[in-house]
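Novice: Here you go, one structure.
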4 protein chains.
Amino acid sequence: MRRAPLTLPGVEPRADLLNRYREIRAAVTAACDPLSAEDMGVQSMPDASPTKWHLAHTSWFYETFVLSDLAFGCYEPFDPAFSYLFNSYYEAVGERHPRPKRGFLTRPSVGDVFRYRAHVDAAMAERLPRISETDFARLRMVIETGLNHEQQHLELIFTDIKHAFAQNPLKPAYRELTRPEECPVGPLCWVEFDAGVRRIGHAGDDFAYDNEGPPHRVFLEPFAIGSRLVTCGEFLAFMADGGYTRPELWLSDGWAAKKFNDWEAPLYWQREGDRWSVFTLGGIRPIVESEPVAHVSFYEADAYSRWEKARLPTEAEWEVACSDAPVNGNLLEQDRLHPAPLTGDGMRIAQAFGDVWEWTQSPYSPYPGYAPAAGALGEYNGKFMCNQMVLRGGSCVTPRSHIRATYRNFFPPEARWQFSGLRLARSL
Amino acid sequence: MRRAPLTLPGVEPRADLLNRYREIRAAVTAACDPLSAEDMGVQSMPDASPTKWHLAHTSWFYETFVLSDLAFGCYEPFDPAFSYLFNSYYEAVGERHPRPKRGFLTRPSVGDVFRYRAHVDAAMAERLPRISETDFARLRMVIETGLNHEQQHLELIFTDIKHAFAQNPLKPAYRELTRPEECPVGPLCWVEFDAGVRRIGHAGDDFAYDNEGPPHRVFLEPFAIGSRLVTCGEFLAFMADGGYTRPELWLSDGWAAKKFNDWEAPLYWQREGDRWSVFTLGGIRPIVESEPVAHVSFYEADAYSRWEKARLPTEAEWEVACSDAPVNGNLLEQDRLHPAPLTGDGMRIAQAFGDVWEWTQSPYSPYPGYAPAAGALGEYNGKFMCNQMVLRGGSCVTPRSHIRATYRNFFPPEARWQFSGLRLARSL
Amino acid sequence: MRRAPLTLPGVEPRADLLNRYREIRAAVTAACDPLSAEDMGVQSMPDASPTKWHLAHTSWFYETFVLSDLAFGCYEPFDPAFSYLFNSYYEAVGERHPRPKRGFLTRPSVGDVFRYRAHVDAAMAERLPRISETDFARLRMVIETGLNHEQQHLELIFTDIKHAFAQNPLKPAYRELTRPEECPVGPLCWVEFDAGVRRIGHAGDDFAYDNEGPPHRVFLEPFAIGSRLVTCGEFLAFMADGGYTRPELWLSDGWAAKKFNDWEAPLYWQREGDRWSVFTLGGIRPIVESEPVAHVSFYEADAYSRWEKARLPTEAEWEVACSDAPVNGNLLEQDRLHPAPLTGDGMRIAQAFGDVWEWTQSPYSPYPGYAPAAGALGEYNGKFMCNQMVLRGGSCVTPRSHIRATYRNFFPPEARWQFSGLRLARSL
Amino acid sequence: MRRAPLTLPGVEPRADLLNRYREIRAAVTAACDPLSAEDMGVQSMPDASPTKWHLAHTSWFYETFVLSDLAFGCYEPFDPAFSYLFNSYYEAVGERHPRPKRGFLTRPSVGDVFRYRAHVDAAMAERLPRISETDFARLRMVIETGLNHEQQHLELIFTDIKHAFAQNPLKPAYRELTRPEECPVGPLCWVEFDAGVRRIGHAGDDFAYDNEGPPHRVFLEPFAIGSRLVTCGEFLAFMADGGYTRPELWLSDGWAAKKFNDWEAPLYWQREGDRWSVFTLGGIRPIVESEPVAHVSFYEADAYSRWEKARLPTEAEWEVACSDAPVNGNLLEQDRLHPAPLTGDGMRIAQAFGDVWEWTQSPYSPYPGYAPAAGALGEYNGKFMCNQMVLRGGSCVTPRSHIRATYRNFFPPEARWQFSGLRLARSL
């Protein structure tokens with residue numbers, strides 16, 4: 001985590017933090033509204049977690065890393081067993097419940113977990129305003145991390161329940177969604193950038209994860225990047241041209257994954273006669289060709305770009321190209337819960353934020369001079385820096401206050417259950 | 001299935017059947033009382049099913065094999081999708097939801113499933129009394145099969161939720177159970193039987209599964225059988241003598257299973273310091289040495305018997321030895337939900353019924369002249385006649401009206417999640 | 001193992017045994033003639049072993065169980081490391097090289113292994129005639145077991161190298177084989193047997209494995225058994241009638257195995273256009289319809305028999321039906337190395353011995369009163385009495401002196417690399 | 001592949017190429033001298049190949065990509081089946097024998113494979129001098145690739161047979177090796193480099209793989225790099241300090257690999273009492289502490305560097321640091337076949353070439369502007385650019401003419417059977 005300013009003009013910092021804490025906690029609760037207790041308990045694959053687990057784990061984070069600090073007085077944990085049940089992967093904090101068995105935890109009940117959240121919320125509301133400025137200075141970034149951590153789990157609540165519902169032959173909808181009109185999308189424009197030394201990575205005093213820094217220089221050879229995301233219609237053309245049957249378009253590991261998993265289309269697509277439909281958080285409906293394609297693996301994104309005689313951007317190229325784009329777009333606050341067709345064409349680079357996480361061709365590695373945070377929170381990012389690819393830009397279920405141009409998300413190249421899509425790039 | 005009498009003295013057969021139908025359905029509902037909707041959705045391993053699935057599948061059975069018969073008029077299925085969701089393994093009835101994914105079905109909800117049950121119950125109550133005697137004669141054994149089928153799933157509700165709760169580090173209890181006093185059990189007596197031709201298998205007109213017939217003759221060489229079940233105390237002695245570390249006591253496949261699964265004690269046992277505790281439907285408590293040992297695999301039962309310089313009985317020996325024993329004992333109606341120490345000593349053969357299913361050394365094979373029932377119900381038993389071992393006598397969660405001396409239960413030799421124990425035998 | 005007579009009329013027992021020892025050892029050596037050192041090192045699946053391993057393991061048997069006995073004086077093992085390398089599964093004898101890694105042992109070389117054999121042969125030839133009568137009485141059955149053990153491995157040399165060659169796209173032949181003429185086989189006759197108590201199992205003083213005894217009584221209900229083996233032509237009819245696509249014909253585990261392994265025909269069959277060819281020890285050639293079908297699993301044999309509205313015989317039925325048949329037929333001494341069409345029709349029961357091992361419907365279980373041999377040799381048979389099915393009658397690569405009516409071979413139900421076929425039976 | 005000059009001063013280019021062809025072919029043959037036919041057939045894991053397969057595959061390369069060109073006239077392939085048997089992974093060239101089954105190919109024999117090589121050698125020797133200059137210009141880089149390809153397989157012959165021998169409990173030696181004296185190695189020096197734009201990647205006309213280009217600019221922040229390789233003695237200190245038991249030192253995937261594979265030391269190390277020995281191509285002998293540590297995975301190299309509060313260099317840092325080092329050292333021509341202790345201290349950067357491949361922290365990715373070669377040879381490098389890490393510098397079994405500063409080797413992070421070690425780096 002990065003240092004944060006000790007004071008902000010005009011707002012009492014502890015009050016500001018508590019307000020944002022409450023907003024995020026409320027957004028998580030609201031996300032559960034359409035879900036039954038049964039829905040909230042299911043784990044449909046080891047990579048996904050039950051909603052209930054997300055609810056509890058995010059509270060566990062505050063209990064473990066914030067409230068247990070002496071600055072908060074003698075905080076009494078809600079239930080001592082929870083520290084084992086709801087640890088995710090922090091080796092430094094001790095043993096934990098095996099990840100693939102999270103769906104077996106029918107107890108504590110959803111009700112208990114909401115009581116757990118209320119217990120933590122009450123402690124935060126009561127005690128945070130009263131800790132000393134010194135303690136606050138020391139703990140602030142941990143709390144900020146907790147907030148951002150919960151926003152990540154808010155996003156996972158959506159992607160994980162979508163995966164769970166997709167396993168159900170009834171294909172239940174999370175909620176009714178408005179279905180976009182099919183409207184043609186203009187041709188892709190190539191936005192060009194000159195060679196040169198650029199500065200990337202997070203600088204400044206506002207919050208960022210440790211993996212976004214330190215800011216540093218990179219040399220970029222000249223490149224061009226696509227003005228918008230690749231659409232379902234374009235991806236259908238790739239499929240029609242044998243995209244899933246031509247090994248020469250694929251990386252070797254990608255082709256093996258395609259064969260092992262019988263991939264013939266993006267995740268959640270299903271053929272109905274001679275048409276393709278897609279399962280969304282609003283249920284099944286026909287593909288809308290102008291929508292950005294989503295739920296593709298890195299391997300599919302890479303194969304598609306090779307078919308286009310292009311490539312994926314590096315994360316540095318993406319950051320340079322998108323660093324001036326305003327942080328808005330089809331993010332969680334839009335409440336669409338699905339990627340949306342591009343409208344308008346005023347911006348050089350469109351759809352930089354929201355819609356889908358964009359696969360880059362950059363493996364997830366430490367920046368020069370990277371040093372993980374001290375203590376258990378140092379496990380947050382650094383220990384995953386192998387066998388994963390960087391994604392940029394956030395998706396339709398990413399909160400706006402969570403995303404920024406330097407943000408580095410990462411998933412294994414075969415992962416498809418996130419809202420993951422792509423933008424093309426080329427060397428010049 | 002076997003033929004059944006068209007009339008019973010003094011009771012109207014359709015009314016009698018409906019009464020028993022209601023009793024069994026009510027027992028299943030009652031078994032769910034201590035469970036939350038979350039509990040009822042979980043599937044902790046592919047071999048086990050969620051309570052909710054058991055509730056729905058048993059209703060599906062009546063819908064598919066009974067109510068869909070024209071004798072019942074134009075029965076409207078509750079939901080057409082359920083025929084896919086809740087088929088277990090009947091190939092003849094069509095495609096079905098994959099077994100390991102039963103736990104992903106958060107929809108239909110438990111409430112929906114209870115409404116499904118009520119829909120089926122209403123149809124049965126309204127229509128069964130009105131079908132013709134001819135139709136009843138034709139359908140009676142199918143309905144009887146439905147009743148017995150539901151009793152089997154009632155037993156599985158207990159064993160499956162026990163397995164699910166055992167995965168939870170909180171080790172929740174299904175219900176409070178009274179804990180037995182530790183009271184010494186007398187030494188094992190050997191009850192001897194002469195050589196000769198014996199008749200085994202089910203004869204007569206009351207219900208039995210097709211695999212219990214036809215009745216036939218077997219020749220038994222002289223043998224002796226233990227008067228009672230093997231106890232936890234005896235099994236502890238086996239463990240103390242290196243039972244789990246001496247390959248010469250084990251079958252080759254058994255030793256491989258022991259090593260692969262790291263077995264060091266029966267399922268649900270856990271060491272606490274220098275004592276052993278056991279997880280029961282009432283939670284964790286210390287071992288009671290006089291209780292019959294339960295939750296052992298065939299391999300462990302076999303190894304134990306070899307350590308005792310004895311063997312397991314064949315199923316024919318068991319049936320001959322126990323055919324005169326009264327069908328009572330620690331069965332589901334006792335509501336103990338756990339094997340109980342032997343009390344009294346009046347009977348030659350004690351504990352024949354109830355407490356634990358008794359592993360025999362007989363692989364599950366067809367009897368001479370065996371013919372499966374016609375139609376889809378022919379898949380009920382016959383197609384599993386390979387790689388399984390026969391167990392006899394019922395357990396503490398078997399309904400009394402479900403068990404009889406000819407009853408052949410069967411599980412793979414490595415299965416441990418049933419209440420399975422053993423009785424010794426010897427050749428003379 | 002069973003007791004053997006201390007004296008045989010007219011022949012010096014030690015000399016007789018040594019003569020048979022030499023014959024068997026020579027037959028094993030001769031079987032290697034067509035093989036290169038490279039051929040002899042390959043292990044094409046964990047169930048199969050390299051020829052070289054068979055050569056060494058059979059010598060290890062004599063070293064370990066015979067020559068190490070003090071009766072033989074101070075025998076010096078050829079190489080102390082071999083006791084680890086060439087132990088198969090005897091837990092009592094100590095640790096051993098992992099079975100799936102037998103193919104990695106390029107050292108010792110084939111030449112070394114033949115020197116090892118010569119070393120053991122020399123010791124046997126020199127020392128066996130000189131041991132005392134008392135010692136011989138004690139050790140005779142162990143040596144007889146060694147001889148029979150080597151005959152089993154002789155059979156495995158053929159089946160294992162056949163499997164290895166079949167993995168090679170070049171489909172090399174072990175040796176040139178004469179190809180049989182296609183000649184029609186007469187219809188199957190049903191030979192009937194009355195109900196009654198029968199005696200089965202090995203009695204008398206000549207050698208038999210411990211699992212063939214003790215002799216005991218069984219009651220057989222009336223049955224009929226096929227006069228001959230099922231042919232390739234009949235099996236083709238089963239295939240043409242959808243035998244591999246109709247789950248109702250299969251056991252549940254069988255259907256799962258069929259799907260998992262993509263079985264569409266017996267092992268070693270391959271479709272060429274609209275014809276089927278078969279890989280034999282003589283290479284690939286078209287199917288001969290009158291030949292007995294071979295290389296089917298128990299599951300396929302069982303499905304075929306269900307399609308015929310028949311069943312497989314039990315092992316007791318087989319033994320009763322075949323106990324009077326002369327022990328001749330297409331056995332190893334015929335040197336055909338493949339099942340052969342039936343010729344002549346004089347015998348009631350034909351093809352009882354040789355051609356193919358006949359799957360029975362009997363799981364491999366101990367006979368009443370069975371007791372394994374003492375010591376490590378007690379592991380020879382007893383510890384495999386689970387999850388295997390009994391086969392009877394020997395095959396075209398079984399030495400004639402090795403087979404008899406009471407002989408119980410056993411393999412897992414999915415095994416196909418042995419020469420395994422079937423004969424039908426029916427209950428009357 | 002890169003363009004090559006059409007003429008070289010003073011040497012006839014075709015003659016020069018043929019001379020080098022002969023040298024490399026002879027080196028491969030010589031590497032087989034200590035091996036028996038049995039040794040040459042074994043495949044001890046899917047990642048490794050039999051020596052025989054390497055011998056044939058390298059000849060297949062010339063047949064497929066060179067001799068089949070019309071420039072060479074009507075070349076007759078040695079055996080048409082070999083094009084299936086000995087294709088490695090070129091999808092564009094057609095189907096191929098499954099990689100894990102390479103060890104099953106006892107035919108063709110080693111003798112046949114040497115005849116295959118002679119057939120190809122004769123065709124090359126006879127026809128290469130006679131092709132036109134135009135054809136030579138067109139084909140030269142393909143032939144150069146064939147030479148370099150064979151050098152890679154020469155290296156693999158050593159690493160693969162080492163792995164095979166290591167599986168053998170007899171631990172046979174490939175050949176006798178001289179054992180180094182234990183002599184202390186001086187402390188590590190840190191060689192520092194300023195920040196700035198640097199040029200990396202292969203430029204010029206001599207041969208390089210396509211993945212080494214195009215040359216391009218990178219910006220390097222200031223760093224320091226270790227003057228020498230990490231030694232066994234240093235690695236022992238890491239182990240003694242709990243290196244293999246402290247998850248905080250490991251990447252998450254690395255810790256999972258460590259646990260799954262039970263890693264407790266580098267591959268080929270084995271504890272003997274309180275000492276460690278190492279299996280080498282000369283057999284087992286005690287560790288020599290001053291030798292560079294070898295046969296560690298990327299995960300172990302990474303964990304070690306974290307324990308040292310350092311990190312691995314990026315591949316750009318390595319190339320910048322080592323580009324001036326002379327290409328000599330403990331390479332294949334030294335014939336030591338094992339990493340050797342550092343001697344002398346005159347050089348700033350020592351051991352850059354030879355001894356062990358050095359893991360970098362750079363995932364294997366395309367350089368900016370990278371374009372794979374056209375045709376099937378485009379599969380040589382590009383399709384593996386995912387889930388692998390770059391290694392630099394060559395090892396003790398790399399031919400000197402094969403290595404250079406821009407050379408990018410790559411293996412999955414868990415691979416250990418190559419001679420792979422590490423050099424430390426730090427950000428300044």
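Residues in the structure tokens are named by chain (A, B, ... in the order shown) and by number from 1 within that chain; ligands are numbered from 1 in the order shown.
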Write out as a ChimeraX atom specification each polymer residue whose atoms come within 7 Å of D:Phe219, counting only C-alpha atoms; drop sequence neighbours fewer than 3 positions from it.
Specialist: /A:217-219 /D:196-198
Novice: Need to verify the contact set: stretch 69-83 of chain D, 7 Å, only C-alpha atoms, exclusion of same-chain residues closer than 5 positions in sequence. Can you return it as a ChimeraX atom specification?
Specialist: /D:60,63,116,119,127,131,135
Novice: Set the cut-off to 8 Å and count only C-alpha atoms: what are the residues of chain C that reach chain B? Output as a PyMOL selection string.
Specialist: chain C and resi 91-92+197+216-221+247-248+250-253+361-363+365+368-369+379+382-388+427-428
Novice: Report, in Å to a single decimal, how far apart atom CA of C:Pro98 and atom CA of C:Tyr174 are.
Specialist: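 Computing the Euclidean distance for atom CA of C:Tyr174 and atom CA of C:Pro98 yields 27.4 Å.
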Novice: Quick check for you: according to DSSP on this backbone, which residues of stretch 273-368 of chain B are classed as strand (DSSP E or B)? Reply as a ChimeraX atom specification.
Specialist: /B:275-280,283-286,292,311,330,354,357-363
Novice: Residues near stretch 330-345 of chain B, anyone? I mean within 7 Å using only C-alpha atoms, not counting same-chain ones fewer than 6 positions away, as a list in words.
Specialist: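 Skipping anything fewer than 6 positions along the chain leaves Leu177, Val185, Leu281, Ser290, Glu291, Pro292, Gly354, Asp355, Val356, Ser395, Cys396, Val397, Thr398, Pro399 and Arg400 of chain B.
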Novice: Quick one: write out the picked residues with C-alpha atoms as a PDB file, in the first residue's frame?
Specialist:
```pdb
ATOM      1  CA  LEU B 177     -28.648 -36.552  21.160  1.00  0.00           C
ATOM      2  CA  VAL B 185     -20.273 -55.423  26.870  1.00  0.00           C
ATOM      3  CA  LEU B 281     -25.474 -36.186  14.520  1.00  0.00           C
ATOM      4  CA  SER B 290     -19.288 -50.348  24.202  1.00  0.00           C
ATOM      5  CA  GLU B 291     -20.963 -48.873  21.121  1.00  0.00           C
ATOM      6  CA  PRO B 292     -20.769 -50.757  17.846  1.00  0.00           C
ATOM      7  CA  GLY B 354     -30.486 -51.646  13.318  1.00  0.00           C
ATOM      8  CA  ASP B 355     -27.378 -49.945  14.728  1.00  0.00           C
ATOM      9  CA  VAL B 356     -25.129 -50.453  11.707  1.00  0.00           C
ATOM     10  CA  SER B 395     -28.867 -49.148  10.717  1.00  0.00           C
ATOM     11  CA  CYS B 396     -29.942 -46.672  13.354  1.00  0.00           C
ATOM     12  CA  VAL B 397     -31.404 -44.477  10.599  1.00  0.00           C
ATOM     13  CA  THR B 398     -33.262 -47.236   8.735  1.00  0.00           C
ATOM     14  CA  PRO B 399     -37.046 -47.261   9.177  1.00  0.00           C
ATOM     15  CA  ARG B 400     -38.242 -50.493  10.742  1.00  0.00           C
TER      16      ARG B 400
END
```
Novice: Please provide as a ChimeraX atom specification all residues within 7 Å of B:Gly213, with the sequence filter that same-chain residues fewer than 6 positions apart are discarded (counting only C-alpha atoms).
Specialist: /B:201-202,367,370
Novice: Between atom CA of D:Lys162 and atom CA of D:Ala405, what is the distance, to one decimal in Å?
Specialist: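 Rounded to one decimal, the two atoms are 26.6 Å apart.
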Novice: Any chance you could list, as a PyMOL selection string, the residues in stretch 69-250 of chain D that come up helix (DSSP H, G or I) when DSSP is run on the backbone?
Specialist: chain D and resi 70-72+82-85+91-93+99-104+110-130+133-167+210-212+232-240+247-249
Novice: Do you have the atom CA of D:Phe207-atom CA of D:Ala373 distance handy?
Specialist: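 Distance reported for this atom pair: 13.3 Å.
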Novice: Skipping near chain neighbours, those fewer than 2 positions away, what residues fall within 9 Å of A:Ala48 using only C-alpha atoms, listed as a tab-separated table (two decimals) with C-alpha atoms, in the first residue's frame?
Specialist:
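Output file around_8.tsv follows:
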```
chain	number	residue	atom	x	y	z
A	43	GLN	CA	-19.77	-22.36	-4.59
A	44	SER	CA	-19.84	-23.50	-8.19
A	45	MET	CA	-16.09	-23.93	-8.68
A	46	PRO	CA	-12.95	-23.61	-6.57
A	50	PRO	CA	-20.22	-18.16	-2.02
A	100	PRO	CA	-12.78	-25.59	-2.44
A	156	LEU	CA	-16.68	-10.98	-7.27
A	157	ILE	CA	-20.13	-11.34	-5.76
A	159	THR	CA	-19.18	-12.73	-11.20
A	160	ASP	CA	-19.41	-15.65	-8.82
A	161	ILE	CA	-23.18	-15.74	-8.57
A	163	HIS	CA	-21.21	-18.53	-12.62
A	164	ALA	CA	-23.35	-20.36	-10.08
A	417	TRP	CA	-15.67	-16.07	-15.44
```
Novice: From the list A:Val278, A:Val66, A:Ala137, A:Val390, which residue is nearest A:Pro13 when using only C-alpha atoms?
Specialist: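 Distance minimum relative to A:Pro13 lands on A:Ala137.
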